[in-house]
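Data from protein_11.csv: CSV, C-alpha atoms
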chain,number,residue,atom,x,y,z
X,1,MET,CA,-5.7,19.2,18.0
X,2,ILE,CA,-5.2,18.6,14.3
X,3,SER,CA,-5.7,14.9,13.7
X,4,PHE,CA,-3.4,12.9,11.5
X,5,ILE,CA,-6.6,11.5,9.8
X,6,ASP,CA,-10.2,12.1,10.6
X,7,LEU,CA,-12.4,9.1,9.8
X,8,LYS,CA,-15.3,10.6,11.7
X,9,LYS,CA,-15.6,13.3,9.0
X,10,GLU,CA,-15.3,10.7,6.3
X,11,SER,CA,-18.2,8.8,7.8
X,12,GLN,CA,-20.3,11.9,8.1
X,13,GLU,CA,-19.9,12.6,4.4
X,14,ILE,CA,-21.2,9.2,3.3
X,15,SER,CA,-23.3,8.2,6.3
X,16,GLU,CA,-26.6,7.7,4.5
X,17,GLU,CA,-25.1,5.6,1.7
X,18,ILE,CA,-23.3,3.5,4.2
X,19,ARG,CA,-26.4,2.9,6.3
X,20,ALA,CA,-28.3,1.9,3.1
X,21,ALA,CA,-25.5,-0.5,2.2
X,22,PHE,CA,-25.6,-2.1,5.7
X,23,ARG,CA,-29.4,-2.5,5.5
X,24,CYS,CA,-29.0,-4.2,2.1
X,25,VAL,CA,-26.6,-6.8,3.5
X,26,GLN,CA,-28.7,-7.3,6.6
X,27,GLU,CA,-31.9,-7.8,4.6
X,28,ARG,CA,-30.2,-10.2,2.2
X,29,GLY,CA,-28.9,-12.2,5.2
X,30,TRP,CA,-25.8,-13.4,3.5
X,31,TYR,CA,-22.5,-12.3,5.0
X,32,VAL,CA,-19.6,-14.2,3.3
X,33,LEU,CA,-18.8,-14.7,-0.4
X,34,GLY,CA,-22.0,-13.1,-1.6
X,35,ASP,CA,-23.3,-10.5,-4.1
X,36,GLU,CA,-21.6,-7.5,-2.5
X,37,LEU,CA,-18.2,-9.1,-2.8
X,38,LEU,CA,-18.8,-10.2,-6.4
X,39,ALA,CA,-19.9,-6.6,-7.3
X,40,PHE,CA,-17.0,-5.0,-5.6
X,41,GLU,CA,-14.5,-7.4,-7.2
X,42,LYS,CA,-16.0,-6.5,-10.6
X,43,ASP,CA,-15.9,-2.8,-9.9
X,44,TYR,CA,-12.3,-2.8,-8.5
X,45,ALA,CA,-10.9,-4.9,-11.4
X,46,GLN,CA,-12.5,-2.4,-13.8
X,47,TYR,CA,-11.0,0.5,-11.8
X,48,THR,CA,-7.5,-0.9,-11.8
X,49,GLY,CA,-7.6,-2.0,-15.5
X,50,THR,CA,-7.3,-5.7,-14.6
X,51,GLN,CA,-9.4,-8.6,-15.5
X,52,PHE,CA,-9.8,-10.1,-12.0
X,53,CYS,CA,-10.1,-9.0,-8.4
X,54,ILE,CA,-10.2,-11.3,-5.4
X,55,GLY,CA,-11.3,-9.9,-2.1
X,56,VAL,CA,-9.4,-11.2,0.9
X,57,ASN,CA,-9.1,-10.6,4.6
X,58,SER,CA,-6.2,-8.0,4.5
X,59,GLY,CA,-3.4,-6.6,2.5
X,60,SER,CA,-1.0,-8.9,4.5
X,61,ASP,CA,-3.0,-11.9,3.4
X,62,ALA,CA,-3.0,-10.6,-0.2
X,63,LEU,CA,0.8,-10.6,-0.2
X,64,VAL,CA,1.0,-14.1,1.3
X,65,LEU,CA,-1.5,-15.5,-1.2
X,66,ALA,CA,0.2,-13.7,-4.1
X,67,LEU,CA,3.6,-15.3,-3.4
X,68,LYS,CA,2.0,-18.7,-2.8
X,69,ALA,CA,0.1,-18.4,-6.1
X,70,ILE,CA,3.3,-18.0,-8.1
X,71,GLY,CA,4.9,-21.0,-6.4
X,72,ILE,CA,7.3,-19.3,-4.0
X,73,SER,CA,8.8,-22.0,-1.8
X,74,PRO,CA,11.5,-22.5,0.9
X,75,GLY,CA,15.0,-21.4,-0.4
X,76,ASP,CA,13.6,-19.0,-3.0
X,77,GLU,CA,14.7,-15.4,-2.9
X,78,VAL,CA,12.4,-12.4,-3.1
X,79,ILE,CA,13.8,-8.9,-3.6
X,80,LEU,CA,12.0,-6.1,-1.8
X,81,PRO,CA,12.7,-2.8,0.0
X,82,SER,CA,13.5,-2.6,3.7
X,83,HIS,CA,11.8,0.8,3.9
X,84,THR,CA,8.3,-0.4,4.0
X,85,PHE,CA,5.7,-1.7,6.4
X,86,VAL,CA,6.8,-5.1,7.8
X,87,ALA,CA,3.9,-7.0,6.2
X,88,THR,CA,5.7,-6.9,2.8
X,89,ALA,CA,8.7,-8.9,4.3
X,90,ASP,CA,6.4,-11.1,6.5
X,91,ALA,CA,4.7,-12.4,3.4
X,92,VAL,CA,8.1,-13.6,2.1
X,93,VAL,CA,9.0,-15.3,5.3
X,94,ARG,CA,5.6,-16.9,5.8
X,95,ASN,CA,6.1,-18.6,2.5
X,96,GLY,CA,9.4,-20.0,3.6
X,97,ALA,CA,11.4,-17.8,1.2
X,98,ILE,CA,14.4,-15.5,1.8
X,99,PRO,CA,13.9,-11.7,1.9
X,100,VAL,CA,16.6,-9.9,-0.1
X,101,PHE,CA,16.6,-6.2,0.8
X,102,ALA,CA,17.4,-3.6,-1.9
X,103,ASP,CA,18.0,0.1,-1.3
X,104,ILE,CA,15.6,2.8,-2.3
X,105,ASP,CA,15.5,5.9,-4.4
X,106,PRO,CA,16.4,8.9,-2.2
X,107,GLU,CA,13.6,11.1,-3.7
X,108,THR,CA,10.6,8.7,-4.1
X,109,TYR,CA,11.6,6.3,-1.3
X,110,CYS,CA,10.5,3.4,-3.6
X,111,ILE,CA,12.8,0.6,-4.5
X,112,ASP,CA,15.8,1.5,-6.7
X,113,PRO,CA,15.8,-0.5,-9.9
X,114,ASN,CA,19.6,-0.3,-10.0
X,115,ALA,CA,19.8,-1.8,-6.5
X,116,VAL,CA,17.4,-4.5,-7.6
X,117,ALA,CA,19.5,-5.5,-10.6
X,118,SER,CA,22.6,-5.9,-8.4
X,119,MET,CA,20.8,-8.3,-6.1
X,120,VAL,CA,19.4,-10.8,-8.6
X,121,THR,CA,20.8,-14.3,-8.3
X,122,PRO,CA,19.8,-17.7,-9.8
X,123,ARG,CA,17.6,-18.2,-6.7
X,124,THR,CA,15.6,-15.0,-7.2
X,125,LYS,CA,12.0,-15.9,-8.0
X,126,ALA,CA,10.1,-12.6,-7.4
X,127,ILE,CA,10.5,-8.8,-7.0
X,128,ILE,CA,8.0,-6.9,-4.8
X,129,PRO,CA,8.1,-3.1,-5.5
X,130,VAL,CA,6.2,-1.1,-2.9
X,131,HIS,CA,4.4,2.0,-4.2
X,132,LEU,CA,5.2,3.8,-1.0
X,133,TYR,CA,3.2,6.7,0.4
X,134,GLY,CA,1.1,6.8,-2.8
X,135,HIS,CA,3.9,7.3,-5.3
X,136,PRO,CA,4.5,4.5,-7.8
X,137,ALA,CA,7.8,2.8,-8.0
X,138,ASP,CA,9.7,3.2,-11.3
X,139,MET,CA,8.1,0.1,-13.0
X,140,ASP,CA,9.6,0.0,-16.6
X,141,PRO,CA,13.1,-0.9,-15.5
X,142,LEU,CA,11.8,-3.3,-13.0
X,143,ILE,CA,9.6,-5.0,-15.6
X,144,LYS,CA,12.7,-5.2,-17.8
X,145,ILE,CA,14.7,-6.9,-15.1
X,146,ALA,CA,11.9,-9.3,-14.3
X,147,ASP,CA,11.5,-10.2,-18.0
X,148,GLU,CA,15.3,-10.7,-18.6
X,149,HIS,CA,15.6,-13.1,-15.6
X,150,ASN,CA,12.2,-14.7,-15.8
X,151,ILE,CA,11.2,-13.3,-12.4
X,152,HIS,CA,7.7,-12.6,-11.2
X,153,LEU,CA,6.8,-9.1,-10.4
X,154,ILE,CA,4.2,-8.6,-7.6
X,155,GLU,CA,3.1,-5.0,-6.8
X,156,ASP,CA,2.6,-4.0,-3.2
X,157,ALA,CA,0.0,-1.3,-3.9
X,158,CYS,CA,-1.3,-1.2,-0.3
X,159,GLN,CA,-0.7,2.5,-0.1
X,160,ALA,CA,-1.4,3.4,-3.7
X,161,HIS,CA,-5.1,3.2,-4.5
X,162,GLY,CA,-5.6,5.2,-7.7
X,163,SER,CA,-1.9,6.0,-8.1
X,164,GLU,CA,-0.7,5.8,-11.7
X,165,TYR,CA,2.6,5.0,-13.5
X,166,ARG,CA,2.6,6.3,-17.1
X,167,SER,CA,-1.3,6.3,-17.1
X,168,ARG,CA,-1.4,2.7,-15.8
X,169,LYS,CA,-3.0,2.1,-12.5
X,170,ALA,CA,-0.9,0.8,-9.6
X,171,GLY,CA,-1.5,-2.9,-9.3
X,172,SER,CA,-2.0,-3.5,-13.0
X,173,MET,CA,1.6,-3.8,-14.2
X,174,GLY,CA,2.9,-6.9,-12.4
X,175,ILE,CA,1.5,-10.4,-12.7
X,176,ILE,CA,-0.3,-9.6,-9.4
X,177,GLY,CA,-1.2,-6.4,-7.5
X,178,CYS,CA,-1.9,-6.4,-3.8
X,179,PHE,CA,-4.1,-3.9,-1.9
X,180,SER,CA,-4.9,-3.2,1.7
X,181,PHE,CA,-8.2,-1.6,2.7
X,182,TYR,CA,-7.2,-0.9,6.3
X,183,PRO,CA,-9.5,2.0,7.5
X,184,GLY,CA,-6.8,4.7,7.2
X,185,LYS,CA,-6.0,3.9,3.5
X,186,ASN,CA,-7.1,6.2,0.7
X,187,LEU,CA,-9.8,3.5,0.1
X,188,GLY,CA,-10.5,2.0,3.5
X,189,ALA,CA,-13.0,-0.5,4.9
X,190,TYR,CA,-14.6,-0.4,8.3
X,191,GLY,CA,-12.2,-3.1,9.5
X,192,ASP,CA,-9.5,-5.3,8.0
X,193,ALA,CA,-9.8,-6.1,4.3
X,194,GLY,CA,-7.7,-6.4,1.2
X,195,CYS,CA,-7.6,-7.7,-2.4
X,196,ILE,CA,-5.5,-9.1,-5.2
X,197,VAL,CA,-5.8,-8.0,-8.8
X,198,THR,CA,-4.5,-9.9,-11.8
X,199,SER,CA,-5.2,-10.5,-15.4
X,200,ASP,CA,-4.0,-14.1,-15.3
X,201,LYS,CA,-6.9,-16.5,-15.2
X,202,LYS,CA,-5.0,-19.4,-13.7
X,203,ILE,CA,-3.8,-17.2,-10.8
X,204,ASP,CA,-7.3,-15.9,-10.3
X,205,GLU,CA,-8.7,-19.4,-10.0
X,206,LYS,CA,-5.9,-20.6,-7.7
X,207,ILE,CA,-6.2,-17.6,-5.3
X,208,ARG,CA,-10.0,-17.9,-5.1
X,209,MET,CA,-9.5,-21.5,-3.9
X,210,GLU,CA,-6.7,-20.8,-1.5
X,211,ARG,CA,-8.5,-17.9,0.2
X,212,ASN,CA,-11.4,-20.3,0.9
X,213,TYR,CA,-9.8,-23.4,2.4
X,214,GLY,CA,-8.5,-24.7,-0.9
X,215,GLN,CA,-11.9,-25.5,-2.2
X,216,LYS,CA,-13.6,-24.7,-5.5
X,217,THR,CA,-16.6,-26.7,-4.7
X,218,LYS,CA,-17.8,-27.0,-1.1
X,219,TYR,CA,-16.1,-29.8,0.9
X,220,GLN,CA,-13.9,-30.7,-2.1
X,221,HIS,CA,-10.4,-29.4,-1.2
X,222,THR,CA,-8.0,-29.2,-4.1
X,223,CYS,CA,-5.1,-27.6,-2.3
X,224,ILE,CA,-4.1,-26.5,1.2
X,225,GLY,CA,-5.8,-23.2,1.7
X,226,MET,CA,-6.7,-20.7,4.4
X,227,ASN,CA,-9.6,-18.6,5.6
X,228,SER,CA,-9.0,-15.2,4.0
X,229,ARG,CA,-12.3,-13.9,2.7
X,230,MET,CA,-13.5,-10.4,2.6
X,231,ASP,CA,-16.9,-10.3,4.3
X,232,GLU,CA,-20.0,-8.7,2.7
X,233,ILE,CA,-20.1,-5.8,5.1
X,234,GLN,CA,-16.6,-4.7,4.1
X,235,ALA,CA,-17.4,-5.2,0.4
X,236,ALA,CA,-20.5,-3.1,0.7
X,237,VAL,CA,-18.6,-0.3,2.4
X,238,LEU,CA,-15.9,-0.4,-0.2
X,239,ARG,CA,-18.4,-0.3,-3.0
X,240,VAL,CA,-19.8,3.0,-1.6
X,241,LYS,CA,-16.4,4.5,-1.0
X,242,LEU,CA,-14.9,3.5,-4.4
X,243,LYS,CA,-17.2,6.0,-6.0
X,244,TYR,CA,-15.5,8.8,-4.0
X,245,LEU,CA,-11.9,7.6,-4.4
X,246,ASP,CA,-10.8,9.8,-7.3
X,247,ARG,CA,-12.5,12.9,-5.7
X,248,TRP,CA,-10.8,12.2,-2.4
X,249,ASN,CA,-7.5,11.6,-4.1
X,250,GLU,CA,-7.8,15.0,-5.8
X,251,LYS,CA,-8.3,16.7,-2.5
X,252,ARG,CA,-5.2,15.0,-1.1
X,253,ARG,CA,-3.3,16.2,-4.1
X,254,ARG,CA,-4.5,19.8,-3.6
X,255,PHE,CA,-3.5,19.8,0.0
X,256,ALA,CA,-0.1,18.3,-0.9
X,257,SER,CA,0.3,21.1,-3.4
X,258,LEU,CA,-0.5,23.7,-0.8
X,259,TYR,CA,2.0,22.2,1.6
X,260,ASP,CA,4.6,22.3,-1.2
X,261,ASP,CA,3.9,26.0,-1.8
X,262,LEU,CA,4.0,26.9,1.9
X,263,LEU,CA,7.1,24.9,2.7
X,264,ALA,CA,9.1,26.2,-0.3
X,265,GLY,CA,12.3,27.7,1.0
X,266,CYS,CA,12.1,25.8,4.3
X,267,SER,CA,14.9,23.5,5.3
X,268,VAL,CA,12.7,20.4,5.1
X,269,ILE,CA,12.8,18.1,2.1
X,270,ARG,CA,9.4,17.9,0.5
X,271,PRO,CA,8.0,14.9,-1.4
X,272,ILE,CA,8.3,14.9,-5.2
X,273,GLU,CA,6.1,13.6,-8.0
X,274,ARG,CA,8.2,12.2,-10.9
X,275,GLU,CA,7.1,13.0,-14.4
X,276,TYR,CA,5.9,9.4,-14.9
X,277,ALA,CA,3.7,9.4,-11.8
X,278,ARG,CA,0.4,10.4,-10.4
X,279,HIS,CA,1.0,10.6,-6.7
X,280,VAL,CA,-2.1,10.0,-4.5
X,281,TYR,CA,-0.5,11.1,-1.2
X,282,HIS,CA,-1.6,8.4,1.1
X,283,LEU,CA,1.0,10.1,3.2
X,284,TYR,CA,2.7,13.5,2.9
X,285,VAL,CA,6.2,12.8,4.1
X,286,ILE,CA,8.8,15.4,4.7
X,287,ARG,CA,12.5,14.9,5.7
X,288,SER,CA,14.5,16.8,8.3
X,289,LYS,CA,17.8,16.1,10.1
X,290,LYS,CA,16.0,17.6,13.1
X,291,ARG,CA,13.1,15.2,12.7
X,292,ASP,CA,12.7,14.3,16.4
X,293,ILE,CA,12.9,17.9,17.5
X,294,LEU,CA,10.4,19.0,14.9
X,295,ASN,CA,8.1,16.0,15.8
X,296,SER,CA,8.0,16.9,19.5
X,297,TYR,CA,7.5,20.6,18.7
X,298,LEU,CA,4.5,19.9,16.4
X,299,LYS,CA,2.9,17.6,19.0
X,300,LYS,CA,3.2,20.4,21.6
X,301,LYS,CA,1.4,22.7,19.1
X,302,GLY,CA,-1.5,20.3,18.8
X,303,ILE,CA,-0.5,18.7,15.5
X,304,GLU,CA,-0.6,14.9,15.3
X,305,THR,CA,2.1,13.4,13.1
X,306,GLY,CA,3.5,10.0,12.2
X,307,ILE,CA,6.8,8.3,11.3
X,308,HIS,CA,6.6,5.8,8.4
X,309,TYR,CA,8.9,4.1,9.2
X,310,PRO,CA,11.4,4.7,12.0
X,311,ILE,CA,13.1,1.3,11.9
X,312,PRO,CA,13.9,-0.5,8.6
X,313,VAL,CA,12.7,-4.1,8.3
X,314,HIS,CA,16.3,-5.4,8.2
X,315,GLN,CA,17.0,-3.8,11.5
X,316,GLN,CA,14.0,-5.2,13.3
X,317,LYS,CA,14.6,-7.8,16.0
X,318,ALA,CA,12.3,-10.3,14.2
X,319,TYR,CA,14.5,-10.1,11.1
X,320,ARG,CA,17.9,-10.6,12.7
X,321,GLY,CA,19.5,-13.5,10.8
X,322,ARG,CA,16.7,-13.5,8.2
X,323,GLY,CA,17.5,-12.7,4.6
X,324,TYR,CA,20.4,-10.5,3.5
X,325,TYR,CA,21.4,-7.2,2.0
X,326,LYS,CA,24.4,-5.4,0.7
X,327,ASP,CA,24.2,-1.6,1.0
X,328,LEU,CA,21.2,0.1,2.5
X,329,LYS,CA,22.7,3.5,3.1
X,330,VAL,CA,19.7,5.5,1.7
X,331,THR,CA,17.2,3.4,3.6
X,332,GLU,CA,19.1,3.8,6.9
X,333,SER,CA,19.5,7.5,6.4
X,334,VAL,CA,15.9,8.2,5.4
X,335,SER,CA,14.4,6.2,8.3
X,336,GLY,CA,15.9,8.7,10.8
X,337,GLU,CA,14.6,11.8,8.9
X,338,VAL,CA,11.1,11.0,7.6
X,339,LEU,CA,8.0,12.7,9.2
X,340,SER,CA,4.4,12.3,8.0
X,341,LEU,CA,2.2,15.4,8.3
X,342,PRO,CA,-1.6,15.4,8.6
X,343,LEU,CA,-3.1,15.0,5.1
X,344,HIS,CA,-6.6,13.8,4.3
X,345,PRO,CA,-9.6,14.9,2.3
X,346,TRP,CA,-11.4,16.4,5.3
X,347,MET,CA,-8.8,19.0,6.2
X,348,ASP,CA,-9.1,22.7,5.4
X,349,ASP,CA,-6.6,25.2,4.1
X,350,GLU,CA,-6.2,26.9,7.4
X,351,GLU,CA,-5.0,23.7,9.1
X,352,VAL,CA,-2.4,23.2,6.4
X,353,ARG,CA,-1.3,26.8,6.8
X,354,TYR,CA,-1.0,26.5,10.5
X,355,ILE,CA,1.1,23.3,10.2
X,356,ALA,CA,3.4,24.9,7.7
X,357,GLN,CA,3.7,28.0,9.9
X,358,MET,CA,4.7,25.9,12.9
X,359,ILE,CA,7.3,23.9,10.9
X,360,LYS,CA,8.9,27.1,9.8
X,361,LYS,CA,8.8,28.5,13.3
X,362,CYS,CA,10.5,25.4,14.7
X,363,LEU,CA,13.2,25.3,12.1

Translate the structure of the given file into structure tokens.
Amino acid sequence: MISFIDLKKESQEISEEIRAAFRCVQERGWYVLGDELLAFEKDYAQYTGTQFCIGVNSGSDALVLALKAIGISPGDEVILPSHTFVATADAVVRNGAIPVFADIDPETYCIDPNAVASMVTPRTKAIIPVHLYGHPADMDPLIKIADEHNIHLIEDACQAHGSEYRSRKAGSMGIIGCFSFYPGKNLGAYGDAGCIVTSDKKIDEKIRMERNYGQKTKYQHTCIGMNSRMDEIQAAVLRVKLKYLDRWNEKRRRFASLYDDLLAGCSVIRPIEREYARHVYHLYVIRSKKRDILNSYLKKKGIETGIHYPIPVHQQKAYRGRGYYKDLKVTESVSGEVLSLPLHPWMDDEEVRYIAQMIKKCL
């Protein structure tokens, strides 16, 4: 069986450093909002080219807190793609706002700036571009739209650790960037974790309070907050793994390039990397009108695959009657064709060659 991702091999590579990090936390005896988190926040802010990083419980909470921090309230509209993990839309609804779904670029699968421009109304308060699969959204036109209409831009960079847009790191271009450190991400914790990055001091201060029950000083609650704190164990793990992120991303890029070469001339549509982008291939996603046949065939051949995502958010049962959209033809077409192939830093060339061979054999 060729696994979709192999976290056991990742653990083997860094096991001694992880054990040392665990021992350090254990010996210190402080498990929440301690030195490990402070150190990781400093390291990750520096890595992303932002001034502040706030560690939280998950990428989902990061998105909720980000919208809350900019004052999103009931009746406000937030523009986002429907071709994304549901957490992006959930954050909008959990703040009482209205999700407005815009269509996507047919090549990058990220939100289409032209579609966004057509969906702006006087009620629009934010845009959430998702840097999907590790490829950044086209940010310059989105920034222009946001500036022209005085709209906040929040980056969902939960799949884009280390990705770049015109040499700027994902998460650093909007007023807030949100990251997930779910274990399967390019930079993953050993459980749920996430963070928010920003260069706005007021937003930094507000989110730090809101993630910790709305308190800046213990037992003095300035606002209604929540419990969304990254624990010391996860921060310690992420500090170790952050040192490897660029190296691991380069391995992903190399395997993606090998896939590209081997699948050239095949009937599948391969992922692209736009000239403005540095793709970090959180997922290597192909498209085929025979997706379901191909998917079943690969599983029979011992190849584990994924579909990201088979049902657009606007078609989910939970979102019936929530929000609105105009034309999502690309979204609806893509969702029936996308197939994610195994891609992670601990693969080898022969596995990639075998997978490509089986795809060609099926099609």

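Counting all atoms listed in the file, the residue from X:Ser167, X:Thr222, X:Ser15, X:Ser228 that sits nearest to X:Leu33 is X:Ser228.
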
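Atom CA of X:Tyr309 is positioned 6.9 Å from atom CA of X:His83.
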
Inset, instruction - Point out the residue among X:Met230, X:Thr48, X:Tyr109, X:Gly323 with the least atom-to-atom distance to X:Val338, counting only C-alpha atoms. - result: X:Tyr109

Inset, instruction - Skip X:Tyr190 itself and residues of its chain fewer than 2 positions away, then list as a VMD selection string all residues within 9 Å of it, counting only C-alpha atoms. - result: chain X and resid 181 to 183 188 192 to 193 233 to 234 237 to 238

Legend entry - Length of the atom CA of X:Asn186 to atom CA of X:Asp112 vector [Å]: 24.5 Å

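Distances from X:Glu164, X:Glu304, X:Glu232, X:Glu13 to X:Tyr281 were compared using only C-alpha atoms, and the smallest one belongs to X:Glu164.
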
Inset, instruction - In the coordinates of the file, take the point (-11.5, 14.7, 6.6) and a cut-off of 12 Å; then, counting all atoms listed in the file, name each qualifying protein, DNA or RNA residue as a list in words. - result: Ile2, Ser3, Phe4, Ile5, Asp6, Leu7, Lys8, Lys9, Glu10, Ser11, Gln12, Glu13, Ile14, Gly184, Asn186, Trp248, Asn249, Lys251, Arg252, Phe255, Pro342, Leu343, His344, Pro345, Trp346, Met347, Asp348, Asp349 and Glu351 of chain X

Legend entry - Between atom CA of X:Ile175 and atom CA of X:Met139 - distance in Å to one decimal: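 Between atom CA of X:Met139 and atom CA of X:Ile175 the gap is 12.4 Å.
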
Legend entry - X:His282 surroundings by all atoms listed in the file, 7 Å radius, close-in-sequence under 6 positions cut, as a PyMOL selection string: chain X and resi 133-134+159-160+185-186

Legend entry - Which residue of X:Gly302, X:Gly194, X:Gly162, X:Gly214 approaches X:Val280 most closely, using only C-alpha atoms: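 Counting only C-alpha atoms, the residue closest to X:Val280 is X:Gly162.
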
Legend entry - Who sits within 12 Å of X:His152, all atoms listed in the file, same chain under 5 positions skipped, as a PyMOL selection string: chain X and resi 66-72+76-79+124-129+142-147+173-177

Inset, instruction - Choose the residue, out of X:Arg19, X:Arg166, X:Lys201, X:Lys289, that has the smallest atom-to-atom separation from X:Phe52; count all atoms listed in the file. - result: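 Checking each candidate against X:Phe52, we get X:Lys201 as the closest.
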
Inset, instruction - Could you tell me which of X:Gln46, X:Ser172, X:Ser340, X:Ser58 comes closest to X:His308 if we count all atoms listed in the file? - result: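 For X:His308, the nearest of the candidates is X:Ser340.
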
Test item: which residues lie within 7 Å of (8.7, -21.7, 3.2) counting all atoms listed in the file, as a compact mmCIF listing (two decimals) with C-alpha atoms, keeping the file's coordinate frame:
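Done, and the output landed in point.txt:
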# COMPACT_ATOMS: atom_id res chain seq x y z
CA SER X 73 8.80 -22.00 -1.80
CA PRO X 74 11.50 -22.50 0.90
CA VAL X 93 9.00 -15.30 5.30
CA ARG X 94 5.60 -16.90 5.80
CA ASN X 95 6.10 -18.60 2.50
CA GLY X 96 9.40 -20.00 3.60
CA ALA X 97 11.40 -17.80 1.20

Taking 4 positions as the minimum chain separation for residues in the same chain, which residues sit within 12 Å of X:Lys329 when counting only C-alpha atoms? Answer as a CSV table (one decimal) with C-alpha atoms, in the coordinates of the input.
chain,number,residue,atom,x,y,z
X,82,SER,CA,13.5,-2.6,3.7
X,83,HIS,CA,11.8,0.8,3.9
X,101,PHE,CA,16.6,-6.2,0.8
X,102,ALA,CA,17.4,-3.6,-1.9
X,103,ASP,CA,18.0,0.1,-1.3
X,104,ILE,CA,15.6,2.8,-2.3
X,105,ASP,CA,15.5,5.9,-4.4
X,106,PRO,CA,16.4,8.9,-2.2
X,115,ALA,CA,19.8,-1.8,-6.5
X,312,PRO,CA,13.9,-0.5,8.6
X,325,TYR,CA,21.4,-7.2,2.0
X,333,SER,CA,19.5,7.5,6.4
X,334,VAL,CA,15.9,8.2,5.4
X,335,SER,CA,14.4,6.2,8.3
X,336,GLY,CA,15.9,8.7,10.8

Inset, instruction - Do a neighbour search on X:Asp35 at 12 Å with only C-alpha atoms, toss out local chain neighbours closer than 3 positions, and write the hits as a ChimeraX atom specification. - result: /X:24-25,28-32,38-42,230-233,235-236,239

Could I see stretch 202-218 of chain X restored to N, CA and C atoms, set down as an mmCIF file, in the frame of the given file?
data_model
loop_
_atom_site.group_PDB
_atom_site.id
_atom_site.type_symbol
_atom_site.label_atom_id
_atom_site.label_comp_id
_atom_site.auth_asym_id
_atom_site.auth_seq_id
_atom_site.Cartn_x
_atom_site.Cartn_y
_atom_site.Cartn_z
ATOM 1 N N LYS X 202 -5.435 -18.284 -14.513
ATOM 2 C CA LYS X 202 -5.000 -19.400 -13.700
ATOM 3 C C LYS X 202 -4.712 -18.921 -12.246
ATOM 4 N N ILE X 203 -4.054 -17.769 -12.149
ATOM 5 C CA ILE X 203 -3.800 -17.200 -10.800
ATOM 6 C C ILE X 203 -5.041 -16.832 -10.112
ATOM 7 N N ASP X 204 -5.961 -16.242 -10.836
ATOM 8 C CA ASP X 204 -7.300 -15.900 -10.300
ATOM 9 C C ASP X 204 -7.947 -17.107 -9.673
ATOM 10 N N GLU X 205 -8.002 -18.173 -10.439
ATOM 11 C CA GLU X 205 -8.700 -19.400 -10.000
ATOM 12 C C GLU X 205 -7.971 -19.992 -8.769
ATOM 13 N N LYS X 206 -6.639 -19.969 -8.793
ATOM 14 C CA LYS X 206 -5.900 -20.600 -7.700
ATOM 15 C C LYS X 206 -6.089 -19.787 -6.398
ATOM 16 N N ILE X 207 -6.027 -18.459 -6.476
ATOM 17 C CA ILE X 207 -6.200 -17.600 -5.300
ATOM 18 C C ILE X 207 -7.598 -17.743 -4.722
ATOM 19 N N ARG X 208 -8.587 -17.800 -5.587
ATOM 20 C CA ARG X 208 -10.000 -17.900 -5.100
ATOM 21 C C ARG X 208 -10.133 -19.216 -4.289
ATOM 22 N N MET X 209 -9.465 -20.275 -4.713
ATOM 23 C CA MET X 209 -9.500 -21.500 -3.900
ATOM 24 C C MET X 209 -8.748 -21.369 -2.622
ATOM 25 N N GLU X 210 -7.550 -20.810 -2.712
ATOM 26 C CA GLU X 210 -6.700 -20.800 -1.500
ATOM 27 C C GLU X 210 -7.216 -19.830 -0.449
ATOM 28 N N ARG X 211 -7.976 -18.795 -0.824
ATOM 29 C CA ARG X 211 -8.500 -17.900 0.200
ATOM 30 C C ARG X 211 -9.704 -18.578 0.928
ATOM 31 N N ASN X 212 -10.211 -19.682 0.380
ATOM 32 C CA ASN X 212 -11.400 -20.300 0.900
ATOM 33 C C ASN X 212 -11.145 -21.808 1.182
ATOM 34 N N TYR X 213 -10.117 -22.056 2.002
ATOM 35 C CA TYR X 213 -9.800 -23.400 2.400
ATOM 36 C C TYR X 213 -9.372 -24.352 1.321
ATOM 37 N N GLY X 214 -8.942 -23.805 0.185
ATOM 38 C CA GLY X 214 -8.500 -24.700 -0.900
ATOM 39 C C GLY X 214 -9.597 -25.369 -1.654
ATOM 40 N N GLN X 215 -10.823 -24.831 -1.565
ATOM 41 C CA GLN X 215 -11.900 -25.500 -2.200
ATOM 42 C C GLN X 215 -12.554 -24.658 -3.315
ATOM 43 N N LYS X 216 -12.823 -25.287 -4.439
ATOM 44 C CA LYS X 216 -13.600 -24.700 -5.500
ATOM 45 C C LYS X 216 -15.042 -25.004 -5.393
ATOM 46 N N THR X 217 -15.295 -26.239 -5.000
ATOM 47 C CA THR X 217 -16.600 -26.700 -4.700
ATOM 48 C C THR X 217 -16.671 -27.095 -3.221
ATOM 49 N N LYS X 218 -17.755 -26.779 -2.556
ATOM 50 C CA LYS X 218 -17.800 -27.000 -1.100
ATOM 51 C C LYS X 218 -17.506 -28.411 -0.711
#
